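Q: Supplied in structure tokens, the structure appears directly below.
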Amino acid sequence: DIVLYGATGFTGQLVAAYLHSVQDLQGQKWAIAGRSPAKLAALATKLGAGVSSIAAELTDAAATADLVSSTRAVINCAGPFSQHHAEELLGECARRGVHYSDLAGEGFWQAEMATKFHQVAERSGAKIVLGGGVDSIPSDLGCMLAIDALPWEGGPIQARAVYTEYTGSFSGGTLNSGRAMSRARNEGRVTAAMEADPYLLAPGTTGADSAVGTADGMPAGFGWGLSRR
């Protein structure tokens with residue numbers, strides 16, 4: 001029913017542990033997948049009984065086709081997606097009507113994929129979810145919880161977010177995605193106009209905030225500030 005590709009990476013292992021424990025998947029068939037048979041075997045042993053594994057290089061068209069044809073949905077955690085041949089996996093899903101989701105944070109790559117495969121997926125019935133859940137906990141869900149706590153009687157609400165403490169660090173995948181974005185800027189795949197367009201992933205869409213927003217939903221002129229104690 002589900003194949004989790006990139007399962008042995010930092011985020012992939014977190015997703016694998018969740019899939020193995022979530023009640024809705026009890027009794028359903030799912031598999032971990034990636035490039036290294038040895039790492040997959042180790043993860044399958046760690047997770048316990050009932051987890052199968054599929055070793056496939058996304059540069060191998062036949063192996064990718066076999067992987068996609070074996071399932072109804074693919075979750076891809078192998079980023080940076082613009083550099084690790086995610087297009088081959090997404091494209092195969094779009095052509096075969098297999099649902100696909102990833103956690104890509106590379107907006108330029110998402111735009112390229114939407115342009116290239118939207119109509120293909122529309123014809124096949126595949127649901128393609130790019131960047132599923134990216135930054136949703138601190139931003140979208142945090143904002144929703146704050147607004148839900150307000151005594152609201154209608155009318156517009158403006159939200160401002162500030163965080164004062166933060167523990168942990170960026171994962172290797174997040175750092176590599178940042179490097180991929182820098183590389184894309186140098187290659188001309190990312191332009192200033194793209195980074196300022198809140199409707200980058202919905203070509204032809206306009207709205208009241210299109211002149212003042214940014215592609216990540218922040219106000220014009222927004223900048224991250226960091227102070228260390």
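Starting from 1 in every chain, residues are counted up; chains themselves are A, B, ... following the order of the structure tokens, and ligands are numbered from 1 as listed.
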Going by DSSP on the backbone, which bits of segment 13-181 of chain A are alpha helix (DSSP H)? Write them as a VMD selection string, please.

A: chain A and resid 13 to 21 37 to 47 61 to 69 86 to 96 107 to 124 142 to 148 172 to 181

Q: Can I get the selection written as an mmCIF file, in the first residue's frame, with C-alpha atoms?

A:
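Saved as out12.cif:
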```cif
data_model
loop_
_atom_site.group_PDB
_atom_site.id
_atom_site.type_symbol
_atom_site.label_atom_id
_atom_site.label_comp_id
_atom_site.auth_asym_id
_atom_site.auth_seq_id
_atom_site.Cartn_x
_atom_site.Cartn_y
_atom_site.Cartn_z
ATOM 1 C CA GLN A 13 13.867 6.753 9.972
ATOM 2 C CA LEU A 14 11.481 9.002 11.912
ATOM 3 C CA VAL A 15 8.780 8.435 9.296
ATOM 4 C CA ALA A 16 9.460 4.683 9.251
ATOM 5 C CA ALA A 17 9.086 4.477 13.032
ATOM 6 C CA TYR A 18 5.800 6.379 12.814
ATOM 7 C CA LEU A 19 4.411 4.205 10.010
ATOM 8 C CA HIS A 20 5.327 1.107 11.978
ATOM 9 C CA SER A 21 3.423 2.324 15.029
ATOM 10 C CA PRO A 37 20.409 -3.107 0.887
ATOM 11 C CA ALA A 38 22.570 -3.347 4.010
ATOM 12 C CA LYS A 39 21.141 -0.181 5.603
ATOM 13 C CA LEU A 40 17.611 -1.246 4.712
ATOM 14 C CA ALA A 41 18.141 -4.669 6.286
ATOM 15 C CA ALA A 42 19.450 -3.047 9.476
ATOM 16 C CA LEU A 43 16.457 -0.705 9.656
ATOM 17 C CA ALA A 44 13.987 -3.525 8.998
ATOM 18 C CA THR A 45 15.538 -5.505 11.851
ATOM 19 C CA LYS A 46 15.309 -2.467 14.131
ATOM 20 C CA LEU A 47 11.646 -1.899 13.277
ATOM 21 C CA ALA A 61 14.622 3.237 -14.793
ATOM 22 C CA ALA A 62 13.550 -0.407 -14.620
ATOM 23 C CA ALA A 63 14.092 -0.628 -10.852
ATOM 24 C CA THR A 64 12.197 2.620 -10.307
ATOM 25 C CA ALA A 65 9.306 1.397 -12.455
ATOM 26 C CA ASP A 66 9.181 -1.889 -10.520
ATOM 27 C CA LEU A 67 9.138 -0.021 -7.207
ATOM 28 C CA VAL A 68 6.303 2.295 -8.258
ATOM 29 C CA SER A 69 4.232 -0.463 -9.839
ATOM 30 C CA ALA A 86 13.517 12.537 -7.242
ATOM 31 C CA GLU A 87 12.166 13.636 -10.627
ATOM 32 C CA GLU A 88 12.496 10.072 -11.875
ATOM 33 C CA LEU A 89 10.474 8.728 -8.952
ATOM 34 C CA LEU A 90 7.839 11.471 -9.054
ATOM 35 C CA GLY A 91 7.498 11.198 -12.827
ATOM 36 C CA GLU A 92 6.997 7.437 -12.700
ATOM 37 C CA CYS A 93 4.278 7.911 -10.060
ATOM 38 C CA ALA A 94 2.585 10.603 -12.157
ATOM 39 C CA ARG A 95 2.544 8.372 -15.234
ATOM 40 C CA ARG A 96 1.280 5.271 -13.412
ATOM 41 C CA GLY A 107 10.668 25.724 -4.224
ATOM 42 C CA PHE A 108 12.297 26.000 -7.644
ATOM 43 C CA TRP A 109 12.306 22.211 -8.002
ATOM 44 C CA GLN A 110 8.694 22.009 -6.876
ATOM 45 C CA ALA A 111 7.774 24.567 -9.556
ATOM 46 C CA GLU A 112 9.657 22.588 -12.202
ATOM 47 C CA MET A 113 7.854 19.384 -11.202
ATOM 48 C CA ALA A 114 4.422 21.052 -11.168
ATOM 49 C CA THR A 115 5.020 22.460 -14.643
ATOM 50 C CA LYS A 116 6.317 19.180 -16.024
ATOM 51 C CA PHE A 117 3.963 16.640 -14.452
ATOM 52 C CA HIS A 118 0.698 18.372 -13.483
ATOM 53 C CA GLN A 119 -1.177 17.354 -16.617
ATOM 54 C CA VAL A 120 0.399 13.889 -16.585
ATOM 55 C CA ALA A 121 -0.803 13.292 -13.027
ATOM 56 C CA GLU A 122 -4.195 14.768 -13.826
ATOM 57 C CA ARG A 123 -4.671 12.225 -16.611
ATOM 58 C CA SER A 124 -3.500 9.253 -14.527
ATOM 59 C CA GLY A 142 1.303 27.260 15.635
ATOM 60 C CA CYS A 143 -0.687 30.066 14.024
ATOM 61 C CA MET A 144 -3.853 27.962 13.949
ATOM 62 C CA LEU A 145 -3.548 27.101 17.660
ATOM 63 C CA ALA A 146 -2.968 30.736 18.576
ATOM 64 C CA ILE A 147 -5.985 31.921 16.577
ATOM 65 C CA ASP A 148 -8.173 29.126 17.934
ATOM 66 C CA GLY A 172 21.990 17.015 7.382
ATOM 67 C CA GLY A 173 19.173 16.914 4.840
ATOM 68 C CA THR A 174 18.076 20.457 5.688
ATOM 69 C CA LEU A 175 21.628 21.755 5.366
ATOM 70 C CA ASN A 176 22.066 19.952 2.049
ATOM 71 C CA SER A 177 18.781 21.407 0.771
ATOM 72 C CA GLY A 178 20.114 24.872 1.590
ATOM 73 C CA ARG A 179 23.244 24.115 -0.400
ATOM 74 C CA ALA A 180 21.075 22.863 -3.261
ATOM 75 C CA MET A 181 19.194 26.188 -3.264
#
```

Q: Gly132 of chain A: which residues within 8 Å, counting only C-alpha atoms, same-chain residues fewer than 3 positions away excluded, as a list in words?

A: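 Counting only C-alpha atoms, the residues come to Ser101, Asp102, Leu103, Ala104 and Val129 of chain A.
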
Q: Could you state the separation of atom CA of Pro203 of chain A and atom CA of Arg72 of chain A in Å, given to one decimal place?

A: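 Computing the Euclidean distance for atom CA of Pro203 of chain A and atom CA of Arg72 of chain A yields 28.3 Å.
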
Q: Using only C-alpha atoms for the distances, tell me which of A:Ala55, A:Gly105, A:Thr205, A:Thr191 is nearest to Ser82 of chain A.

A: A:Gly105

Q: Quick check, in Å to one decimal: how far apart do atom CA of Val51 of chain A and atom CA of His85 of chain A lie?

A: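 Pair atom CA of Val51 of chain A / atom CA of His85 of chain A returns 24.8 Å.
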
Q: Measuring atom to atom with only C-alpha atoms, identify which of A:Ile2, A:Ile75, A:Lys29, A:Val190 is nearest to Ile128 of chain A.

A: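 Closest to Ile128 of chain A of all the choices is A:Ile75.
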
Q: I need the residue nearest Ile32 of chain A from this list: A:Ala202, A:Ala184, A:Val74, A:Met194. Use only C-alpha atoms for the distance.

A: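 Of A:Ala202, A:Ala184, A:Val74, A:Met194, the one nearest Ile32 of chain A, counting only C-alpha atoms, is A:Val74.
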
Q: Mind pulling up the distance from atom CA of Gly79 of chain A to atom CA of Leu130 of chain A?

A: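 Here the two named atoms are 12.2 Å from each other.
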
Q: Residues of segment 10-166 of chain A classed as strand (DSSP E) by DSSP on the backbone are to be reported as a VMD selection string.

A: chain A and resid 30 to 34 52 to 55 73 to 76 99 to 102 128 to 129

Q: Between A:Ile54, A:Gln28, A:Cys77, A:His84, which is the closest to Phe10 of chain A once you count only C-alpha atoms?

A: A:Cys77
